[in-house]
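Below is one structure, written out as structure tokens; comments come after it.
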Amino acid sequence: MIRKAMRPRDVANEIGKCIAEGNIDNIVDFFHPDYRMSFPPTEAPKSGLDTVKEVFSSFIESKSVLNSTVTGEIINGNIALVQAKWNIKDSTGTIISEGNATEVFKQRGDGSWVYYIDCPMGLPPIE
């Protein structure tokens, strides 16, 4: 089963389901080919789907659980801006990482949404 998110606010939780299923290919499908991530915000932004595979493969291997609660969303055509609180718990339920994200999504031709820009710990500082 290939998961898709038909609303921007659903993308992270669908990815969480893919982590539980061990489905790295479906996770990668939730990211635009020109994806860019600022994490941590003190380092240069990372881009590309290889970054996604690297990060999420470790979550699958450690049986981590991703929880995300969207706190704000605005959509303009095929672009959406979302704010969310999130955490990742290890297999014992201990929070190993958490943050307040600012995320930009793009809508695909089939109506589903994918990450385009992700700032899991907020926007990077201006240099």
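We name chains A, B, ... following the order of the structure tokens; residues begin at 1 in each chain, and ligands are numbered from 1 as shown.
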Distance query segment 80-96 of chain A at most 7 Å, only C-alpha atoms, self and fewer than 6 positions along chain excluded, as a list in words: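 Close residues of segment 80-96 of chain A: Pro8, Ser62, Lys63, Ser64, Val65, Leu66, Asn67, Ser68, Thr69, Val70, Thr71, Gly72, Glu73, Ile74, Thr102, Glu103, Val104, Phe105 and Lys106 of chain A.
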Nearest candidate to Ile75 of chain A (options A:Gly16, A:Ile2, A:Val28, A:Trp113; using only C-alpha atoms): A:Trp113
Neighbour list for segment 107-109 of chain A as an MDAnalysis selection string, cut-off 12 Å, only C-alpha atoms, skip fewer than 5 positions in-chain: chainID A and resid 4:8 11 29:33 75:81 114:116
Where does DSSP see strand (DSSP E) in segment 8-116 of chain A, if you list the residues as an mmCIF file with C-alpha atoms, in the first residue's frame?
data_model
loop_
_atom_site.group_PDB
_atom_site.id
_atom_site.type_symbol
_atom_site.label_atom_id
_atom_site.label_comp_id
_atom_site.auth_asym_id
_atom_site.auth_seq_id
_atom_site.Cartn_x
_atom_site.Cartn_y
_atom_site.Cartn_z
ATOM 1 C CA PHE A 31 9.450 14.548 -0.403
ATOM 2 C CA HIS A 32 9.802 16.707 -3.521
ATOM 3 C CA PRO A 33 12.914 15.929 -5.628
ATOM 4 C CA ASP A 34 14.169 19.480 -4.902
ATOM 5 C CA TYR A 35 13.561 19.086 -1.153
ATOM 6 C CA ARG A 36 15.628 21.261 1.176
ATOM 7 C CA MET A 37 16.066 20.845 4.948
ATOM 8 C CA LYS A 46 20.842 19.912 3.201
ATOM 9 C CA SER A 47 18.989 18.882 0.071
ATOM 10 C CA VAL A 65 7.806 6.732 16.646
ATOM 11 C CA LEU A 66 7.101 10.111 15.027
ATOM 12 C CA ASN A 67 4.323 12.271 16.484
ATOM 13 C CA SER A 68 3.307 15.564 14.879
ATOM 14 C CA THR A 69 0.622 18.084 15.789
ATOM 15 C CA VAL A 70 -0.029 20.837 13.272
ATOM 16 C CA THR A 71 -0.564 24.194 14.982
ATOM 17 C CA GLY A 72 -1.071 26.338 11.877
ATOM 18 C CA GLU A 73 -1.604 25.947 8.152
ATOM 19 C CA ILE A 74 -2.193 28.244 5.193
ATOM 20 C CA ILE A 75 -2.633 27.084 1.600
ATOM 21 C CA ASN A 76 -2.218 29.201 -1.516
ATOM 22 C CA ILE A 79 1.875 25.712 -1.947
ATOM 23 C CA ALA A 80 1.246 25.360 1.783
ATOM 24 C CA LEU A 81 2.977 26.728 4.865
ATOM 25 C CA VAL A 82 2.610 24.679 8.036
ATOM 26 C CA GLN A 83 3.754 25.034 11.630
ATOM 27 C CA ALA A 84 3.896 21.910 13.779
ATOM 28 C CA LYS A 85 5.080 20.588 17.115
ATOM 29 C CA TRP A 86 6.725 17.185 16.796
ATOM 30 C CA ASN A 87 8.669 14.588 18.700
ATOM 31 C CA ILE A 88 10.387 11.322 18.022
ATOM 32 C CA LYS A 89 10.309 8.605 20.654
ATOM 33 C CA ILE A 95 11.563 11.346 23.600
ATOM 34 C CA ILE A 96 14.863 11.471 21.708
ATOM 35 C CA SER A 97 14.171 14.645 19.732
ATOM 36 C CA GLU A 98 11.484 17.315 19.538
ATOM 37 C CA GLY A 99 10.879 20.700 18.031
ATOM 38 C CA ASN A 100 8.626 23.334 16.522
ATOM 39 C CA ALA A 101 8.779 23.043 12.736
ATOM 40 C CA THR A 102 8.181 25.456 9.906
ATOM 41 C CA GLU A 103 7.407 23.524 6.727
ATOM 42 C CA VAL A 104 6.579 24.299 3.111
ATOM 43 C CA PHE A 105 4.663 21.743 1.042
ATOM 44 C CA LYS A 106 3.918 21.439 -2.661
ATOM 45 C CA GLN A 107 0.897 19.764 -4.132
ATOM 46 C CA TRP A 113 1.168 16.908 -0.810
ATOM 47 C CA VAL A 114 4.942 16.566 -0.301
ATOM 48 C CA TYR A 115 7.623 18.330 1.699
ATOM 49 C CA TYR A 116 9.455 21.027 -0.247
#
DSSP helix (DSSP H, G or I) residues within chain A, as JSON, numbers by chain: {"A": [8, 9, 10, 11, 12, 13, 14, 15, 16, 17, 18, 19, 20, 21, 24, 25, 26, 27, 28, 29, 49, 50, 51, 52, 53, 54, 55, 56, 57, 58, 59, 60, 61]}
Could you list, as an mmCIF file with N, CA and C atoms, in the first residue's frame, every residue within 7 Å of Lys53 of chain A, counting only C-alpha atoms and ignoring same-chain residues fewer than 3 positions away?
data_model
loop_
_atom_site.group_PDB
_atom_site.id
_atom_site.type_symbol
_atom_site.label_atom_id
_atom_site.label_comp_id
_atom_site.auth_asym_id
_atom_site.auth_seq_id
_atom_site.Cartn_x
_atom_site.Cartn_y
_atom_site.Cartn_z
ATOM 1 N N ILE A 24 10.649 2.636 3.675
ATOM 2 C CA ILE A 24 11.496 3.781 3.332
ATOM 3 C C ILE A 24 11.146 4.354 1.956
ATOM 4 N N VAL A 28 10.232 8.331 1.227
ATOM 5 C CA VAL A 28 10.904 9.176 0.230
ATOM 6 C C VAL A 28 9.890 9.801 -0.717
ATOM 7 N N LEU A 49 16.982 13.727 -1.965
ATOM 8 C CA LEU A 49 16.297 12.570 -1.408
ATOM 9 C C LEU A 49 17.233 11.620 -0.670
ATOM 10 N N ASP A 50 18.544 11.678 -0.953
ATOM 11 C CA ASP A 50 19.488 10.858 -0.192
ATOM 12 C C ASP A 50 19.502 11.269 1.274
ATOM 13 N N PHE A 56 15.691 8.908 7.733
ATOM 14 C CA PHE A 56 14.564 8.048 8.073
ATOM 15 C C PHE A 56 14.931 6.579 8.172
ATOM 16 N N SER A 57 15.990 6.145 7.521
ATOM 17 C CA SER A 57 16.442 4.762 7.687
ATOM 18 C C SER A 57 16.835 4.497 9.132
#
